[in-house]
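Coordinates from entry_0.tsv are shown below (TSV, C-alpha atoms).
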```
chain	number	residue	atom	x	y	z
A	1	VAL	CA	135.72	-121.70	29.92
A	2	VAL	CA	138.25	-124.50	29.68
A	3	LEU	CA	139.25	-123.54	26.16
A	4	ARG	CA	139.65	-119.92	27.21
A	5	CYS	CA	141.84	-120.87	30.15
A	6	LEU	CA	143.91	-123.12	27.91
A	7	ARG	CA	144.40	-120.31	25.39
A	8	ARG	CA	145.59	-117.95	28.12
A	9	CYS	CA	148.07	-120.56	29.33
A	10	LEU	CA	149.43	-120.87	25.80
A	11	ASP	CA	149.92	-117.08	25.60
A	12	ASP	CA	152.62	-117.50	28.25
A	13	PHE	CA	153.48	-121.17	28.03
A	14	SER	CA	156.06	-121.44	30.77
A	15	GLY	CA	156.32	-122.23	34.46
A	16	TYR	CA	153.05	-123.11	36.15
A	17	ASN	CA	151.08	-122.38	32.99
A	18	VAL	CA	152.48	-125.59	31.50
A	19	ASP	CA	151.26	-127.59	34.48
A	20	VAL	CA	147.82	-125.95	34.37
A	21	ALA	CA	147.46	-126.52	30.61
A	22	CYS	CA	148.46	-130.17	30.91
A	23	CYS	CA	146.12	-130.64	33.86
A	24	LEU	CA	143.23	-129.19	31.83
A	25	LEU	CA	143.96	-131.55	28.95
A	26	GLU	CA	144.25	-134.59	31.21
A	27	SER	CA	141.05	-133.85	33.10
A	28	CYS	CA	138.63	-132.80	30.35
A	29	GLY	CA	140.58	-132.79	27.08
A	30	ARG	CA	139.28	-136.16	25.97
A	31	TYR	CA	135.68	-135.04	26.46
A	32	LEU	CA	136.27	-131.83	24.52
A	33	HIS	CA	137.98	-133.79	21.74
A	34	ARG	CA	135.01	-136.11	21.37
A	35	THR	CA	132.46	-133.27	21.38
A	36	LYS	CA	131.65	-131.92	17.93
A	37	HIS	CA	131.39	-128.18	18.70
A	38	THR	CA	134.68	-128.11	20.66
A	39	LEU	CA	136.75	-130.51	18.55
A	40	ALA	CA	138.06	-127.91	16.07
A	41	LYS	CA	138.99	-125.36	18.75
A	42	LEU	CA	140.74	-127.93	20.90
A	43	THR	CA	142.63	-129.30	17.88
A	44	ASN	CA	143.92	-125.81	17.04
A	45	LEU	CA	145.05	-125.23	20.63
A	46	MET	CA	146.80	-128.59	20.73
A	47	ASP	CA	148.55	-127.85	17.44
A	48	THR	CA	149.76	-124.55	18.90
A	49	MET	CA	150.92	-126.37	22.00
A	50	ALA	CA	152.82	-128.90	19.87
A	51	ARG	CA	154.54	-126.12	17.88
A	52	ILE	CA	155.62	-124.39	21.07
A	53	ARG	CA	156.99	-127.66	22.38
A	54	LYS	CA	159.14	-128.04	19.27
A	55	THR	CA	160.45	-124.47	19.16
A	56	ARG	CA	161.37	-124.09	22.83
A	57	ASN	CA	163.97	-125.96	24.81
A	58	PHE	CA	161.92	-127.53	27.57
A	59	ASP	CA	163.39	-129.89	30.13
A	60	GLU	CA	162.62	-133.60	30.06
A	61	ARG	CA	159.98	-133.32	32.78
A	62	THR	CA	158.01	-130.71	30.87
A	63	ILE	CA	158.20	-132.66	27.60
A	64	ALA	CA	157.02	-135.82	29.36
A	65	LEU	CA	154.17	-133.87	30.97
A	66	ILE	CA	153.03	-132.47	27.60
A	67	ASN	CA	153.27	-135.85	25.88
A	68	SER	CA	151.27	-137.48	28.66
A	69	ALA	CA	148.56	-134.84	28.32
A	70	PHE	CA	148.41	-135.38	24.56
A	71	TYR	CA	148.11	-139.14	25.00
A	72	MET	CA	145.27	-138.65	27.45
A	73	VAL	CA	143.34	-136.70	24.83
A	74	ILE	CA	144.27	-138.87	21.83
A	75	PRO	CA	145.50	-142.29	22.99
A	76	PRO	CA	148.05	-143.92	20.69
A	77	VAL	CA	146.65	-146.56	18.39
A	78	THR	CA	147.79	-149.99	19.51
A	79	ARG	CA	147.45	-153.01	17.31
A	80	ASN	CA	146.25	-156.19	18.83
A	81	ARG	CA	149.14	-158.60	18.41
A	82	GLN	CA	147.12	-161.65	19.30
A	83	HIS	CA	144.98	-162.72	16.41
A	84	SER	CA	142.41	-165.37	17.07
A	85	LYS	CA	143.18	-168.46	15.10
A	86	VAL	CA	140.50	-169.45	12.64
A	87	LEU	CA	139.81	-173.15	13.09
A	88	SER	CA	138.32	-175.42	10.50
A	89	PRO	CA	134.86	-176.80	11.34
A	90	LEU	CA	136.35	-180.23	12.05
A	91	GLU	CA	139.03	-178.85	14.38
A	92	ALA	CA	136.52	-176.57	16.13
A	93	TYR	CA	134.25	-179.56	16.75
A	94	LEU	CA	137.19	-181.61	18.03
A	95	LYS	CA	138.15	-178.80	20.39
A	96	ASP	CA	134.59	-178.64	21.70
A	97	LEU	CA	134.48	-182.39	22.24
A	98	LEU	CA	137.75	-182.73	24.14
A	99	LEU	CA	138.18	-179.38	25.88
A	100	VAL	CA	134.57	-178.53	26.72
A	101	ARG	CA	132.35	-181.59	26.76
A	102	LEU	CA	134.70	-184.34	27.93
A	103	VAL	CA	134.21	-185.13	31.61
A	104	PRO	CA	134.87	-188.30	33.64
A	105	ASP	CA	131.44	-189.72	32.93
A	106	GLN	CA	130.94	-193.05	31.17
A	107	ARG	CA	128.20	-191.78	28.87
A	108	MET	CA	130.19	-188.75	27.79
A	109	ILE	CA	133.37	-190.80	27.33
A	110	ALA	CA	131.47	-193.26	25.12
A	111	PHE	CA	129.90	-190.41	23.15
A	112	VAL	CA	133.24	-188.65	22.55
A	113	SER	CA	134.92	-191.92	21.56
A	114	LYS	CA	132.14	-192.71	19.08
A	115	GLN	CA	132.35	-189.23	17.57
A	116	LEU	CA	136.13	-189.48	17.16
A	117	LEU	CA	135.77	-192.77	15.30
A	118	ARG	CA	133.46	-191.02	12.84
A	119	PHE	CA	136.16	-188.59	11.79
A	120	PRO	CA	137.53	-188.87	8.21
A	121	TRP	CA	140.51	-191.05	9.10
A	122	THR	CA	141.03	-192.09	5.48
A	123	ASP	CA	141.54	-188.51	4.32
A	124	VAL	CA	145.33	-188.08	4.18
A	125	SER	CA	145.13	-184.28	3.90
A	126	ILE	CA	143.46	-183.91	7.30
A	127	GLU	CA	145.75	-186.18	9.39
A	128	CYS	CA	143.14	-187.03	11.99
A	129	SER	CA	145.53	-188.92	14.24
A	130	VAL	CA	147.89	-185.96	14.60
A	131	LEU	CA	144.99	-183.60	15.22
A	132	ILE	CA	143.34	-185.83	17.81
A	133	VAL	CA	146.61	-186.43	19.68
A	134	LYS	CA	147.18	-182.67	19.76
A	135	TYR	CA	143.82	-181.96	21.38
A	136	LEU	CA	143.96	-184.94	23.71
A	137	LEU	CA	147.18	-183.55	25.18
A	138	LYS	CA	145.74	-180.05	25.20
A	139	ALA	CA	142.70	-181.33	27.08
A	140	CYS	CA	145.06	-182.51	29.82
A	141	ARG	CA	147.09	-179.30	29.92
A	142	LYS	CA	144.42	-176.64	29.50
A	143	GLY	CA	141.34	-178.53	30.62
A	144	ARG	CA	140.34	-179.68	34.08
A	145	PHE	CA	142.78	-181.83	36.02
A	146	LYS	CA	140.08	-184.43	36.70
A	147	SER	CA	139.52	-184.85	32.94
A	148	ILE	CA	142.89	-186.63	32.57
A	149	SER	CA	141.26	-189.93	33.53
A	150	ALA	CA	138.57	-189.30	30.90
A	151	VAL	CA	141.27	-188.69	28.29
A	152	ALA	CA	142.90	-192.01	29.18
A	153	ALA	CA	139.50	-193.72	28.92
A	154	VAL	CA	138.96	-192.25	25.44
A	155	ILE	CA	142.41	-193.48	24.36
A	156	SER	CA	141.47	-196.92	25.71
A	157	ASN	CA	138.30	-196.94	23.60
A	158	LEU	CA	140.29	-195.95	20.51
A	159	LYS	CA	143.04	-198.52	21.05
A	160	LYS	CA	141.38	-201.40	19.25
A	161	SER	CA	140.58	-199.61	16.00
A	162	LYS	CA	143.21	-196.83	16.13
A	163	PRO	CA	146.30	-198.17	17.96
A	164	GLU	CA	148.49	-195.38	16.56
A	165	ILE	CA	146.83	-192.89	18.92
A	166	LEU	CA	148.20	-194.69	21.99
A	167	ALA	CA	151.69	-194.91	20.46
A	168	GLN	CA	151.78	-191.22	19.58
A	169	ILE	CA	150.43	-190.20	22.99
A	170	THR	CA	153.01	-192.33	24.80
A	171	ASP	CA	155.88	-190.96	22.73
A	172	ALA	CA	154.71	-187.36	23.28
A	173	VAL	CA	154.36	-187.83	27.04
A	174	VAL	CA	157.79	-189.47	27.43
A	175	GLU	CA	159.41	-186.74	25.32
A	176	GLU	CA	157.74	-184.01	27.38
A	177	LEU	CA	158.92	-185.57	30.64
A	178	GLN	CA	162.45	-185.90	29.28
A	179	PHE	CA	162.39	-182.27	28.15
A	180	ALA	CA	161.17	-181.19	31.59
A	181	MET	CA	164.08	-182.98	33.26
A	182	GLU	CA	166.63	-181.48	30.90
A	183	ASN	CA	165.12	-177.98	31.14
A	184	PRO	CA	163.84	-177.52	34.70
A	185	ARG	CA	161.78	-174.34	34.67
A	186	ILE	CA	159.14	-173.12	37.07
A	187	HIS	CA	156.53	-172.32	34.43
A	188	VAL	CA	156.53	-175.92	33.11
A	189	GLN	CA	156.20	-177.67	36.48
A	190	GLN	CA	152.41	-177.89	36.28
A	191	ARG	CA	152.67	-179.18	32.73
A	192	THR	CA	155.11	-181.88	33.89
A	193	ILE	CA	152.75	-182.99	36.67
A	194	VAL	CA	149.91	-183.26	34.16
A	195	TYR	CA	151.94	-185.51	31.86
A	196	ALA	CA	153.09	-187.67	34.75
A	197	LYS	CA	149.47	-188.03	35.83
A	198	LEU	CA	148.48	-188.98	32.28
A	199	LEU	CA	151.20	-191.64	32.17
A	200	GLY	CA	149.85	-193.16	35.39
A	201	GLU	CA	146.27	-193.07	34.07
A	202	LEU	CA	147.35	-194.88	30.90
A	203	HIS	CA	148.90	-197.62	33.04
A	204	SER	CA	145.80	-197.89	35.26
A	205	HIS	CA	143.69	-198.39	32.12
A	206	ALA	CA	146.00	-201.27	31.10
A	207	LEU	CA	147.34	-199.34	28.13
A	208	LEU	CA	150.99	-199.26	29.19
A	209	ALA	CA	153.24	-201.93	30.63
A	210	ALA	CA	154.48	-201.42	34.15
A	211	SER	CA	158.05	-201.51	32.86
A	212	ILE	CA	157.53	-198.22	30.98
A	213	VAL	CA	156.20	-196.50	34.10
A	214	PHE	CA	159.01	-197.79	36.31
A	215	GLU	CA	161.62	-196.88	33.72
A	216	GLN	CA	160.28	-193.33	33.62
A	217	LEU	CA	160.18	-193.24	37.42
A	218	TYR	CA	163.83	-194.30	37.63
A	219	ARG	CA	164.72	-191.53	35.16
A	220	LEU	CA	162.99	-188.94	37.31
A	221	ILE	CA	164.77	-190.14	40.44
A	222	ASP	CA	168.26	-190.64	39.02
A	223	PHE	CA	168.40	-187.65	36.66
```
Please re-express this file's structure in structure tokens.
Amino acid sequence: VVLRCLRRCLDDFSGYNVDVACCLLESCGRYLHRTKHTLAKLTNLMDTMARIRKTRNFDERTIALINSAFYMVIPPVTRNRQHSKVLSPLEAYLKDLLLVRLVPDQRMIAFVSKQLLRFPWTDVSIECSVLIVKYLLKACRKGRFKSISAVAAVISNLKKSKPEILAQITDAVVEELQFAMENPRIHVQQRTIVYAKLLGELHSHALLAASIVFEQLYRLIDF
């Protein structure tokens, strides 16, 4: 019945017949297009409708109505722009340790610290320090706010054997705070608070001198 009504509308494709034909396509065209015994007939009618659209001078409203009906039947193919990044097994495990498992619990902090020390630090191609610093900061930004103290505790446990982690974390935090002052934007305010909190946690774990914290505080006030 629908196909017959659509064919009759195409016999005189003007005026209200255009609205009726587009309404039929929008309401049940997708179902007819996905059904095997009606697919060929509907495709022929839509081809006829497309040829009429090209040969006649329709107004913009009618063209938009026809295009919308076509898209309802056959949606345009959209490519997913976001491709999931494929992580190496080591990086995936590091992400799980710091972003999923790490919580402010002494047992978990000790476990995570021990696992980080087992990483292949001597392998120059992996650059463990850079990778660990990256995910420690990400754990503060994208993890739970209460996990910032756990991140500082992990850095404290790594200080004795891997002092470069503390240095890189401190430099990254100070640079981020400086960038936030020079580029005050709303969408980075939460990020700035997280880094300021991390700086305070590092001081409370006796990892930073008070002079560094006060110097950064004076910068925030006087900038």
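Each of A:Val100, A:Gln178, A:Val188, A:Asn44 was compared to A:Leu217 using only C-alpha atoms, and A:Gln178 turns out to be the nearest.
Residues within 8 Å of stretch 158-174 of chain A, counting all atoms listed in the file and excluding same-chain residues fewer than 3 positions away, are Ser113, Leu117, Ser129, Ile132, Val133, Leu137, Val154, Ile155, Leu177, Gln178, Tyr195, Ala196, Leu198, Leu199, Leu207 and Gln216 of chain A.
Of the listed residues (A:Ala210, A:Leu39, A:Leu45, A:Cys140), A:Cys140 comes nearest to A:Ile193; the distances count all atoms listed in the file.
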Quiz item: In Å, with one decimal, what is the gap from atom CA of A:Pro89 to atom CA of A:Phe111?
Solution: 18.7 Å
Practice problem: Enumerate, as a PyMOL selection string, the protein, DNA and RNA residues whose atoms approach (135.5, -181.5, 31.9) to within 7 Å, taking into account only C-alpha atoms and the coordinate frame of the file. | Solution: chain A and resi 99-103+143-144+147
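With atom CA of A:Ala180 on one side and atom CA of A:Ala152 on the other, the separation reads 21.4 Å.
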Quiz prompt | Residues within 10 Å of A:Ser27, all atoms listed in the file, excluding chain neighbours under 6 positions, as a ChimeraX atom specification | solution = /A:69,72-73
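Distances from A:Leu87, A:Cys23, A:Ile109, A:Ile63 to A:Ser149 were compared using only C-alpha atoms, and the smallest one belongs to A:Ile109.
Pairwise distance (atom CA of A:Arg219, atom CA of A:Gln189) equals 16.3 Å.
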Self-check item: 12 Å contact set for A:Thr38, only C-alpha atoms, chain neighbours under 5 positions out, as JSON, numbers by chain
Solution: {"A": [1, 2, 3, 4, 28, 29, 30, 31, 32, 33, 43, 44, 45]}
Quiz item: Neighbours of stretch 50-56 of chain A within 10 Å (only C-alpha atoms; same-chain residues fewer than 6 positions away dropped), as a PyMOL selection string?
Solution: chain A and resi 10+13-14+44+62-63+66-67+70
Exercise. Would you list the residues near (154.2, -197.4, 33.8), meaning any protein, DNA or RNA residue with an atom at most 9 Å from that point in file coordinates, counting all atoms listed in the file, as a PyMOL selection string?
Key: chain A and resi 199-200+202-204+208-217
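Of the residues listed (A:Leu6, A:Val20, A:Val86, A:Leu65), A:Leu6 shows the shortest atom-to-atom separation from A:Met46; distances use only C-alpha atoms.
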Quiz item: Which one of A:Tyr135, A:Thr122, A:Ala206, A:Met181 sits closest to A:Tyr93 if you count all atoms listed in the file?
Solution: A:Tyr135
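You can rank A:Cys22, A:Ala92, A:Val194, A:Leu116 by their closest distance to A:Lys146 using all atoms listed in the file, and at the top of that list sits A:Val194.
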Do you know which residues are at most 10 Å from A:Leu131 counting only C-alpha atoms, after dropping those on the same chain fewer than 4 positions away, and could you put them as a short mmCIF file (atom, residue, chain, number, x, y, z; two decimals) with C-alpha atoms, in the coordinates of the input?
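As written to disk, part.cif reads:
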```
data_model
loop_
_atom_site.label_atom_id
_atom_site.label_comp_id
_atom_site.auth_asym_id
_atom_site.auth_seq_id
_atom_site.Cartn_x
_atom_site.Cartn_y
_atom_site.Cartn_z
CA LEU A 90 136.35 -180.23 12.05
CA GLU A 91 139.03 -178.85 14.38
CA LEU A 94 137.19 -181.61 18.03
CA LYS A 95 138.15 -178.80 20.39
CA ILE A 126 143.46 -183.91 7.30
CA GLU A 127 145.75 -186.18 9.39
CA TYR A 135 143.82 -181.96 21.38
CA LEU A 136 143.96 -184.94 23.71
#
```
